[in-house]
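To start, the structure itself, in structure tokens.
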Amino acid sequence: MNNRKRAAVVKELPAKPIAPLVSGILDALGENPEREGLLRTPERVEKALHFLTSGYTQDIGKVVNGAVFNVKYDEMVIVKDIEFFSMCEHHMLPFYGKVHIAYLARNKVIGLSKLPRLVDIFARRLQIQERMTQQIAECIQEMLDPLGVGVIAEAQHFCMMMRGVEKQHSGTVTSAMLGAFRESKETRDEFLSLVRK
Ligand SMILES: [Zn+2]
């Protein structure tokens, strides 16, 4: 199965409770999981983790739900500054930032409000920024069959900021360019200049 197909598959989650495992972590950290402030922490962490990884169980078809329209339009559609929050798969710490999406329509467009929802599907997983960027681009390519797709993600990674690996304000930028955005410098430059505005 290629990456694109895998991204679209809805995962069935095993019904395995996370809370007792969190309790074990607290214990291993020398904490007392029984003390008042921590009593409900394992359940809260379980709930939070399920939410932060809920992209695994979301059905892209359902989220998009009829918001793909056939229109005579073959220009660039661009949505900037879509906020996202994800979690790095190496440290399970947050990374967050903005995604900019553009596609060169081929008589098919998607309701603009759906693009942030799509971003959430791929952000709410254990991720690396490069793969998230690529998955968003491939998903749009597959859904709309446009002449091309460009996705840029700008992010700050807690695993770098908190652990002092990098200066606090250094960001990481990734991009995925498909079709016309890969082949035509003019298209790519148009996208980049619109993003920078
Ligand atoms: Zn990390």
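Chain labels follow the order of the structure tokens: the first chain is A, the next B, and so on; residue numbering restarts at 1 in every chain, and ligands are counted from 1 in their shown order.
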Review point. Any idea what's packed within 7 Å of Ile152 in chain A, counting only C-alpha atoms, ignoring anything in its chain fewer than 5 positions away? Could you give it as a list in words?
Key: Val99, His100, Ile101, Thr133, Thr174, Ser175 and Ala176 of chain A
Output all heavy atoms of each residue in that selection to a file, as a PDB file, in the first residue's frame.
```
ATOM      1  N   VAL A  99      -0.217  26.252   8.133  1.00  0.00           N
ATOM      2  CA  VAL A  99      -0.117  25.579   6.843  1.00  0.00           C
ATOM      3  C   VAL A  99      -0.706  26.503   5.780  1.00  0.00           C
ATOM      4  O   VAL A  99      -1.728  27.151   6.016  1.00  0.00           O
ATOM      5  CB  VAL A  99      -0.896  24.234   6.860  1.00  0.00           C
ATOM      6  CG1 VAL A  99      -0.937  23.615   5.473  1.00  0.00           C
ATOM      7  CG2 VAL A  99      -0.276  23.264   7.845  1.00  0.00           C
ATOM      8  N   HIS A 100      -0.035  26.597   4.656  1.00  0.00           N
ATOM      9  CA  HIS A 100      -0.558  27.336   3.509  1.00  0.00           C
ATOM     10  C   HIS A 100      -0.802  26.329   2.384  1.00  0.00           C
ATOM     11  O   HIS A 100       0.072  25.530   2.078  1.00  0.00           O
ATOM     12  CB  HIS A 100       0.439  28.392   3.033  1.00  0.00           C
ATOM     13  CG  HIS A 100       1.059  29.163   4.156  1.00  0.00           C
ATOM     14  ND1 HIS A 100       0.334  30.035   4.945  1.00  0.00           N
ATOM     15  CD2 HIS A 100       2.325  29.182   4.637  1.00  0.00           C
ATOM     16  CE1 HIS A 100       1.149  30.566   5.859  1.00  0.00           C
ATOM     17  NE2 HIS A 100       2.361  30.065   5.694  1.00  0.00           N
ATOM     18  N   ILE A 101      -1.989  26.411   1.814  1.00  0.00           N
ATOM     19  CA  ILE A 101      -2.363  25.448   0.780  1.00  0.00           C
ATOM     20  C   ILE A 101      -2.759  26.183  -0.493  1.00  0.00           C
ATOM     21  O   ILE A 101      -3.472  27.183  -0.443  1.00  0.00           O
ATOM     22  CB  ILE A 101      -3.573  24.587   1.233  1.00  0.00           C
ATOM     23  CG1 ILE A 101      -3.188  23.758   2.461  1.00  0.00           C
ATOM     24  CG2 ILE A 101      -4.064  23.686   0.095  1.00  0.00           C
ATOM     25  CD1 ILE A 101      -4.358  22.977   3.036  1.00  0.00           C
ATOM     26  N   THR A 133       2.978  17.391   5.769  1.00  0.00           N
ATOM     27  CA  THR A 133       2.894  18.296   4.618  1.00  0.00           C
ATOM     28  C   THR A 133       2.586  17.502   3.349  1.00  0.00           C
ATOM     29  O   THR A 133       1.713  17.869   2.556  1.00  0.00           O
ATOM     30  CB  THR A 133       4.244  19.046   4.462  1.00  0.00           C
ATOM     31  OG1 THR A 133       4.618  19.575   5.727  1.00  0.00           O
ATOM     32  CG2 THR A 133       4.140  20.169   3.459  1.00  0.00           C
ATOM     33  N   THR A 174       8.538  23.234   5.844  1.00  0.00           N
ATOM     34  CA  THR A 174       8.536  22.113   4.911  1.00  0.00           C
ATOM     35  C   THR A 174       7.560  22.429   3.787  1.00  0.00           C
ATOM     36  O   THR A 174       6.615  23.196   3.967  1.00  0.00           O
ATOM     37  CB  THR A 174       8.080  20.801   5.589  1.00  0.00           C
ATOM     38  OG1 THR A 174       6.860  21.046   6.289  1.00  0.00           O
ATOM     39  CG2 THR A 174       9.122  20.295   6.565  1.00  0.00           C
ATOM     40  N   SER A 175       7.795  21.815   2.642  1.00  0.00           N
ATOM     41  CA  SER A 175       6.856  22.036   1.546  1.00  0.00           C
ATOM     42  C   SER A 175       6.680  20.773   0.730  1.00  0.00           C
ATOM     43  O   SER A 175       7.560  19.906   0.708  1.00  0.00           O
ATOM     44  CB  SER A 175       7.344  23.177   0.648  1.00  0.00           C
ATOM     45  OG  SER A 175       8.502  22.780  -0.032  1.00  0.00           O
ATOM     46  N   ALA A 176       5.523  20.654   0.123  1.00  0.00           N
ATOM     47  CA  ALA A 176       5.241  19.555  -0.805  1.00  0.00           C
ATOM     48  C   ALA A 176       4.647  20.182  -2.053  1.00  0.00           C
ATOM     49  O   ALA A 176       3.664  20.921  -1.975  1.00  0.00           O
ATOM     50  CB  ALA A 176       4.266  18.560  -0.182  1.00  0.00           C
TER      51      ALA A 176
END
```
Review point. Could you name the residues that touch Ala153 in chain A at 12 Å or less, counting only C-alpha atoms, but leaving out those on the same chain fewer than 4 positions away, as a PyMOL selection string?
Key: chain A and resi 80-86+95-102+119+123+128-137+171-177+195
Next, write the just-selected residues to a file, as a CSV table (one decimal), in the first residue's frame, keeping N, CA, C and O atoms as the atom set.
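And here's part-v3.csv as it stands now:
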```csv
chain,number,residue,atom,x,y,z
A,80,LYS,N,-4.3,30.6,3.2
A,80,LYS,CA,-3.1,30.9,4.0
A,80,LYS,C,-3.4,30.7,5.4
A,80,LYS,O,-4.6,30.9,5.9
A,81,ASP,N,-2.3,30.5,6.2
A,81,ASP,CA,-2.4,30.7,7.7
A,81,ASP,C,-3.4,29.8,8.3
A,81,ASP,O,-4.1,30.2,9.2
A,82,ILE,N,-3.5,28.5,7.9
A,82,ILE,CA,-4.3,27.6,8.6
A,82,ILE,C,-3.5,27.0,9.8
A,82,ILE,O,-2.5,26.4,9.7
A,83,GLU,N,-4.1,27.3,11.0
A,83,GLU,CA,-3.4,27.0,12.2
A,83,GLU,C,-3.5,25.4,12.4
A,83,GLU,O,-4.5,24.8,12.1
A,84,PHE,N,-2.4,24.9,12.9
A,84,PHE,CA,-2.5,23.4,13.2
A,84,PHE,C,-1.7,23.1,14.5
A,84,PHE,O,-0.8,23.9,14.9
A,85,PHE,N,-2.0,22.0,15.1
A,85,PHE,CA,-1.3,21.5,16.3
A,85,PHE,C,-1.1,20.0,16.1
A,85,PHE,O,-2.1,19.3,15.8
A,86,SER,N,0.1,19.6,16.2
A,86,SER,CA,0.4,18.2,16.0
A,86,SER,C,1.3,17.7,17.1
A,86,SER,O,1.7,18.5,18.0
A,95,PHE,N,4.2,20.0,18.1
A,95,PHE,CA,4.7,21.0,17.2
A,95,PHE,C,3.5,21.6,16.6
A,95,PHE,O,2.4,21.0,16.4
A,96,TYR,N,3.6,22.9,16.3
A,96,TYR,CA,2.4,23.7,15.9
A,96,TYR,C,2.8,24.8,15.0
A,96,TYR,O,4.0,25.2,15.0
A,97,GLY,N,1.9,25.3,14.2
A,97,GLY,CA,2.2,26.4,13.4
A,97,GLY,C,1.1,26.7,12.4
A,97,GLY,O,0.0,26.5,12.7
A,98,LYS,N,1.6,27.0,11.1
A,98,LYS,CA,0.6,27.3,10.1
A,98,LYS,C,0.9,26.5,8.8
A,98,LYS,O,2.0,26.3,8.5
A,99,VAL,N,-0.2,26.3,8.1
A,99,VAL,CA,-0.1,25.6,6.8
A,99,VAL,C,-0.7,26.5,5.8
A,99,VAL,O,-1.7,27.2,6.0
A,100,HIS,N,0.0,26.6,4.7
A,100,HIS,CA,-0.6,27.3,3.5
A,100,HIS,C,-0.8,26.3,2.4
A,100,HIS,O,0.1,25.5,2.1
A,101,ILE,N,-2.0,26.4,1.8
A,101,ILE,CA,-2.4,25.4,0.8
A,101,ILE,C,-2.8,26.2,-0.5
A,101,ILE,O,-3.5,27.2,-0.4
A,102,ALA,N,-2.3,25.7,-1.6
A,102,ALA,CA,-2.7,26.2,-2.9
A,102,ALA,C,-2.9,25.0,-3.9
A,102,ALA,O,-2.3,24.0,-3.8
A,119,VAL,N,-6.5,19.5,7.2
A,119,VAL,CA,-5.2,19.7,7.9
A,119,VAL,C,-5.3,19.0,9.3
A,119,VAL,O,-4.4,18.3,9.7
A,123,ALA,N,-2.9,16.4,11.1
A,123,ALA,CA,-2.1,17.0,12.2
A,123,ALA,C,-2.4,16.2,13.5
A,123,ALA,O,-1.5,16.0,14.3
A,128,ILE,N,5.6,13.5,11.7
A,128,ILE,CA,6.8,14.3,11.4
A,128,ILE,C,6.3,15.4,10.4
A,128,ILE,O,5.4,15.1,9.6
A,129,GLN,N,6.8,16.6,10.5
A,129,GLN,CA,6.3,17.7,9.8
A,129,GLN,C,6.3,17.4,8.3
A,129,GLN,O,5.4,17.8,7.5
A,130,GLU,N,7.4,16.8,7.8
A,130,GLU,CA,7.6,16.5,6.4
A,130,GLU,C,6.4,15.6,5.9
A,130,GLU,O,5.9,15.9,4.8
A,131,ARG,N,6.1,14.6,6.6
A,131,ARG,CA,5.1,13.6,6.2
A,131,ARG,C,3.7,14.3,6.2
A,131,ARG,O,2.9,14.1,5.3
A,132,MET,N,3.4,15.1,7.3
A,132,MET,CA,2.2,15.8,7.4
A,132,MET,C,1.9,16.6,6.1
A,132,MET,O,0.9,16.6,5.5
A,133,THR,N,3.0,17.4,5.8
A,133,THR,CA,2.9,18.3,4.6
A,133,THR,C,2.6,17.5,3.3
A,133,THR,O,1.7,17.9,2.6
A,134,GLN,N,3.3,16.4,3.2
A,134,GLN,CA,3.1,15.6,2.0
A,134,GLN,C,1.7,14.9,2.0
A,134,GLN,O,1.1,14.9,0.9
A,135,GLN,N,1.3,14.5,3.1
A,135,GLN,CA,-0.1,13.8,3.1
A,135,GLN,C,-1.2,14.8,2.8
A,135,GLN,O,-2.1,14.4,2.1
A,136,ILE,N,-1.1,16.0,3.3
A,136,ILE,CA,-2.1,17.0,3.0
A,136,ILE,C,-2.1,17.3,1.5
A,136,ILE,O,-3.2,17.3,0.8
A,137,ALA,N,-0.9,17.4,0.9
A,137,ALA,CA,-0.9,17.6,-0.6
A,137,ALA,C,-1.4,16.5,-1.4
A,137,ALA,O,-2.2,16.7,-2.3
A,171,GLY,N,12.1,28.4,13.4
A,171,GLY,CA,11.0,27.6,12.9
A,171,GLY,C,11.5,26.6,11.9
A,171,GLY,O,12.6,26.7,11.3
A,172,THR,N,10.7,25.6,11.6
A,172,THR,CA,11.0,24.6,10.6
A,172,THR,C,10.0,24.8,9.4
A,172,THR,O,8.8,24.8,9.7
A,173,VAL,N,10.5,24.9,8.2
A,173,VAL,CA,9.6,25.0,7.1
A,173,VAL,C,9.7,23.8,6.2
A,173,VAL,O,10.8,23.4,5.9
A,174,THR,N,8.5,23.2,5.8
A,174,THR,CA,8.5,22.1,4.9
A,174,THR,C,7.6,22.4,3.8
A,174,THR,O,6.6,23.2,4.0
A,175,SER,N,7.8,21.8,2.6
A,175,SER,CA,6.9,22.0,1.5
A,175,SER,C,6.7,20.8,0.7
A,175,SER,O,7.6,19.9,0.7
A,176,ALA,N,5.5,20.7,0.1
A,176,ALA,CA,5.2,19.6,-0.8
A,176,ALA,C,4.6,20.2,-2.1
A,176,ALA,O,3.7,20.9,-2.0
A,177,MET,N,5.3,19.9,-3.2
A,177,MET,CA,4.8,20.5,-4.5
A,177,MET,C,4.5,19.4,-5.4
A,177,MET,O,5.4,18.6,-5.7
A,195,VAL,N,1.9,33.7,-0.5
A,195,VAL,CA,2.0,33.3,0.9
A,195,VAL,C,2.7,34.4,1.7
A,195,VAL,O,2.4,34.6,2.8
```
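Of the listed residues A:Leu147, A:Met87, A:Val71, A:Met92, the one whose atoms come nearest to Leu104 in chain A is A:Leu147, with distances taken using only C-alpha atoms.
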Review point. Which residue, A:Val109, A:Val149, A:Cys88, A:Ile140, has the smallest gap to ligand 1 when you use only C-alpha atoms and all ligand atoms?
Key: A:Cys88
Exercise for review: Throw together the list of residues within 6 Å of ligand 1, counting only C-alpha atoms and all ligand atoms, and drop it here as number ranges by chain.
Suggested key: A: 88, 90-91, 159
Exercise for review: Give me the residues within 10 Å of Gly179 in chain A as number ranges by chain, counting only C-alpha atoms and dropping any in the same chain fewer than 2 places off.
Suggested key: A: 103-104, 141, 145-150, 177, 181-184
Exercise for review: Extract the full set of strand (DSSP E or B) residues from chain A according to DSSP on the backbone, and format it as a PyMOL selection string.
Suggested key: chain A and resi 68-70+76-88+94-104+108-110+126-127+148-157+172-179
Check your understanding: What is the CA of Lys108 in chain A-CA of Phe69 in chain A distance in Å, reported with one decimal?
Key -> 5.6 Å
Check your understanding: DSSP on the backbone: what in chain A comes out helix (DSSP H, G or I), as an MDAnalysis selection string?
Key -> chainID A and resid 3:8 19:28 36:38 41:52 54:57 60:64 114:123 129:144 158:161 180:183 185:196
Practice item. Determine, counting only C-alpha atoms, which protein, DNA and RNA residues have an atom within 12 Å of an atom of Pro33 in chain A; residues of the same chain fewer than 6 positions away are not included. Present the result as a list in words. Key: Ala19, Pro20, Leu21, Val22, Ser23, Gly24, Ile25, Leu26, Asp27, Leu39, Arg40, Thr41, Pro42 and Glu43 of chain A
Save out the residues we just selected, all heavy atoms, as a compact mmCIF listing (two decimals), in the first residue's frame.
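Listing of part.txt after writing:
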```
# COMPACT_ATOMS: atom_id res chain seq x y z
N ALA A 19 -4.89 5.11 30.70
CA ALA A 19 -4.74 5.69 32.04
C ALA A 19 -3.81 4.89 32.97
O ALA A 19 -2.92 5.49 33.59
CB ALA A 19 -6.11 5.90 32.67
N PRO A 20 -3.96 3.56 33.05
CA PRO A 20 -3.07 2.82 33.96
C PRO A 20 -1.60 2.93 33.54
O PRO A 20 -0.71 2.93 34.39
CB PRO A 20 -3.55 1.37 33.82
CG PRO A 20 -4.88 1.43 33.19
CD PRO A 20 -4.95 2.70 32.40
N LEU A 21 -1.38 3.05 32.22
CA LEU A 21 0.00 3.18 31.75
C LEU A 21 0.58 4.53 32.17
O LEU A 21 1.74 4.63 32.55
CB LEU A 21 0.05 3.04 30.22
CG LEU A 21 -0.57 1.75 29.67
CD1 LEU A 21 -0.66 1.80 28.15
CD2 LEU A 21 0.23 0.54 30.11
N VAL A 22 -0.26 5.56 32.13
CA VAL A 22 0.18 6.90 32.55
C VAL A 22 0.50 6.89 34.04
O VAL A 22 1.48 7.48 34.49
CB VAL A 22 -0.89 7.96 32.22
CG1 VAL A 22 -0.47 9.33 32.75
CG2 VAL A 22 -1.13 8.03 30.72
N SER A 23 -0.33 6.18 34.77
CA SER A 23 -0.10 6.03 36.20
C SER A 23 1.28 5.41 36.42
O SER A 23 2.05 5.86 37.30
CB SER A 23 -1.18 5.11 36.77
OG SER A 23 -1.41 5.40 38.10
N GLY A 24 1.61 4.41 35.63
CA GLY A 24 2.93 3.77 35.70
C GLY A 24 4.06 4.74 35.40
O GLY A 24 5.12 4.71 36.04
N ILE A 25 3.83 5.61 34.42
CA ILE A 25 4.86 6.61 34.07
C ILE A 25 5.08 7.56 35.25
O ILE A 25 6.22 7.85 35.63
CB ILE A 25 4.45 7.40 32.81
CG1 ILE A 25 4.51 6.48 31.57
CG2 ILE A 25 5.37 8.60 32.61
CD1 ILE A 25 3.97 7.11 30.31
N LEU A 26 3.96 8.02 35.84
CA LEU A 26 4.08 8.93 36.99
C LEU A 26 4.88 8.27 38.10
O LEU A 26 5.78 8.89 38.70
CB LEU A 26 2.68 9.32 37.49
CG LEU A 26 1.89 10.24 36.55
CD1 LEU A 26 0.45 10.38 37.05
CD2 LEU A 26 2.55 11.60 36.44
N ASP A 27 4.58 7.02 38.34
CA ASP A 27 5.27 6.25 39.36
C ASP A 27 6.76 6.16 39.04
O ASP A 27 7.62 6.41 39.89
CB ASP A 27 4.63 4.86 39.42
CG ASP A 27 5.05 4.11 40.66
OD1 ASP A 27 5.14 4.75 41.72
OD2 ASP A 27 5.30 2.89 40.55
N LEU A 39 -4.49 12.76 40.94
CA LEU A 39 -5.47 11.68 41.00
C LEU A 39 -6.16 11.41 39.68
O LEU A 39 -6.29 10.27 39.26
CB LEU A 39 -6.52 11.99 42.08
CG LEU A 39 -6.30 11.31 43.44
CD1 LEU A 39 -7.48 11.58 44.36
CD2 LEU A 39 -6.06 9.80 43.28
N ARG A 40 -6.60 12.45 39.02
CA ARG A 40 -7.34 12.25 37.77
C ARG A 40 -6.48 12.47 36.53
O ARG A 40 -6.98 12.46 35.41
CB ARG A 40 -8.59 13.15 37.76
CG ARG A 40 -9.60 12.71 38.84
CD ARG A 40 -10.97 13.32 38.59
NE ARG A 40 -11.42 13.12 37.23
CZ ARG A 40 -11.79 14.09 36.41
NH1 ARG A 40 -11.79 15.33 36.80
NH2 ARG A 40 -12.18 13.82 35.18
N THR A 41 -5.19 12.70 36.76
CA THR A 41 -4.29 12.99 35.63
C THR A 41 -4.25 11.86 34.59
O THR A 41 -4.35 12.12 33.39
CB THR A 41 -2.87 13.33 36.15
OG1 THR A 41 -2.98 14.53 36.92
CG2 THR A 41 -1.89 13.53 35.03
N PRO A 42 -4.10 10.60 35.02
CA PRO A 42 -4.06 9.54 34.01
C PRO A 42 -5.27 9.55 33.08
O PRO A 42 -5.12 9.41 31.87
CB PRO A 42 -4.01 8.26 34.86
CG PRO A 42 -3.33 8.69 36.12
CD PRO A 42 -3.85 10.08 36.38
N GLU A 43 -6.45 9.77 33.63
CA GLU A 43 -7.64 9.82 32.76
C GLU A 43 -7.63 11.04 31.85
O GLU A 43 -8.04 10.94 30.69
CB GLU A 43 -8.92 9.85 33.60
CG GLU A 43 -9.37 8.50 34.07
CD GLU A 43 -9.54 8.49 35.58
OE1 GLU A 43 -10.52 9.10 36.07
OE2 GLU A 43 -8.69 7.90 36.26
```
Review point. Could you work out how far CA of Leu126 in chain A lies from CA of Glu89 in chain A, giving the answer in Å with one decimal?
Key: 4.6 Å
Exercise for review: Identify, on the basis of only C-alpha atoms, every residue whose closest approach to Ser113 in chain A does not exceed 10 Å; exclude the query and any residue fewer than 2 positions from it along the same chain; express the result as a list in words.
Suggested key: Val64, Ala67, Val79, Ile110, Gly111, Leu115, Pro116, Arg117 and Leu118 of chain A
Deliver the residues from the most recent selection as a file, using N, CA and C atoms, as an mmCIF file, in the first residue's frame.
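Dumped to part_27.cif:
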```cif
data_model
loop_
_atom_site.group_PDB
_atom_site.id
_atom_site.type_symbol
_atom_site.label_atom_id
_atom_site.label_comp_id
_atom_site.auth_asym_id
_atom_site.auth_seq_id
_atom_site.Cartn_x
_atom_site.Cartn_y
_atom_site.Cartn_z
ATOM 1 N N VAL A 64 -15.225 15.721 4.319
ATOM 2 C CA VAL A 64 -15.412 16.544 3.120
ATOM 3 C C VAL A 64 -16.891 16.591 2.727
ATOM 4 N N ALA A 67 -18.621 18.494 -0.210
ATOM 5 C CA ALA A 67 -18.154 19.869 -0.414
ATOM 6 C C ALA A 67 -17.142 19.971 -1.561
ATOM 7 N N VAL A 79 -5.296 29.138 0.305
ATOM 8 C CA VAL A 79 -5.757 29.410 1.666
ATOM 9 C C VAL A 79 -4.521 29.472 2.553
ATOM 10 N N ILE A 110 -12.964 22.681 -3.739
ATOM 11 C CA ILE A 110 -13.469 22.177 -2.458
ATOM 12 C C ILE A 110 -13.893 23.377 -1.607
ATOM 13 N N GLY A 111 -14.957 23.218 -0.842
ATOM 14 C CA GLY A 111 -15.390 24.274 0.070
ATOM 15 C C GLY A 111 -14.221 24.701 0.942
ATOM 16 N N LEU A 115 -10.680 22.829 4.105
ATOM 17 C CA LEU A 115 -9.225 22.663 4.107
ATOM 18 C C LEU A 115 -8.639 22.628 5.531
ATOM 19 N N PRO A 116 -9.086 23.518 6.430
ATOM 20 C CA PRO A 116 -8.605 23.397 7.810
ATOM 21 C C PRO A 116 -8.992 22.057 8.446
ATOM 22 N N ARG A 117 -10.143 21.534 8.068
ATOM 23 C CA ARG A 117 -10.556 20.229 8.627
ATOM 24 C C ARG A 117 -9.635 19.120 8.136
ATOM 25 N N LEU A 118 -9.252 19.227 6.858
ATOM 26 C CA LEU A 118 -8.315 18.247 6.298
ATOM 27 C C LEU A 118 -6.969 18.315 7.008
#
```
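In this model, the gap between CA of Glu138 in chain A and CA of Tyr73 in chain A comes to 20.5 Å.
All residues of protein, DNA or RNA that reach within 9 Å of Leu49 in chain A, judged by only C-alpha atoms and not counting those fewer than 5 positions away in the chain, are Ile18, Arg44 and Ser54 of chain A.
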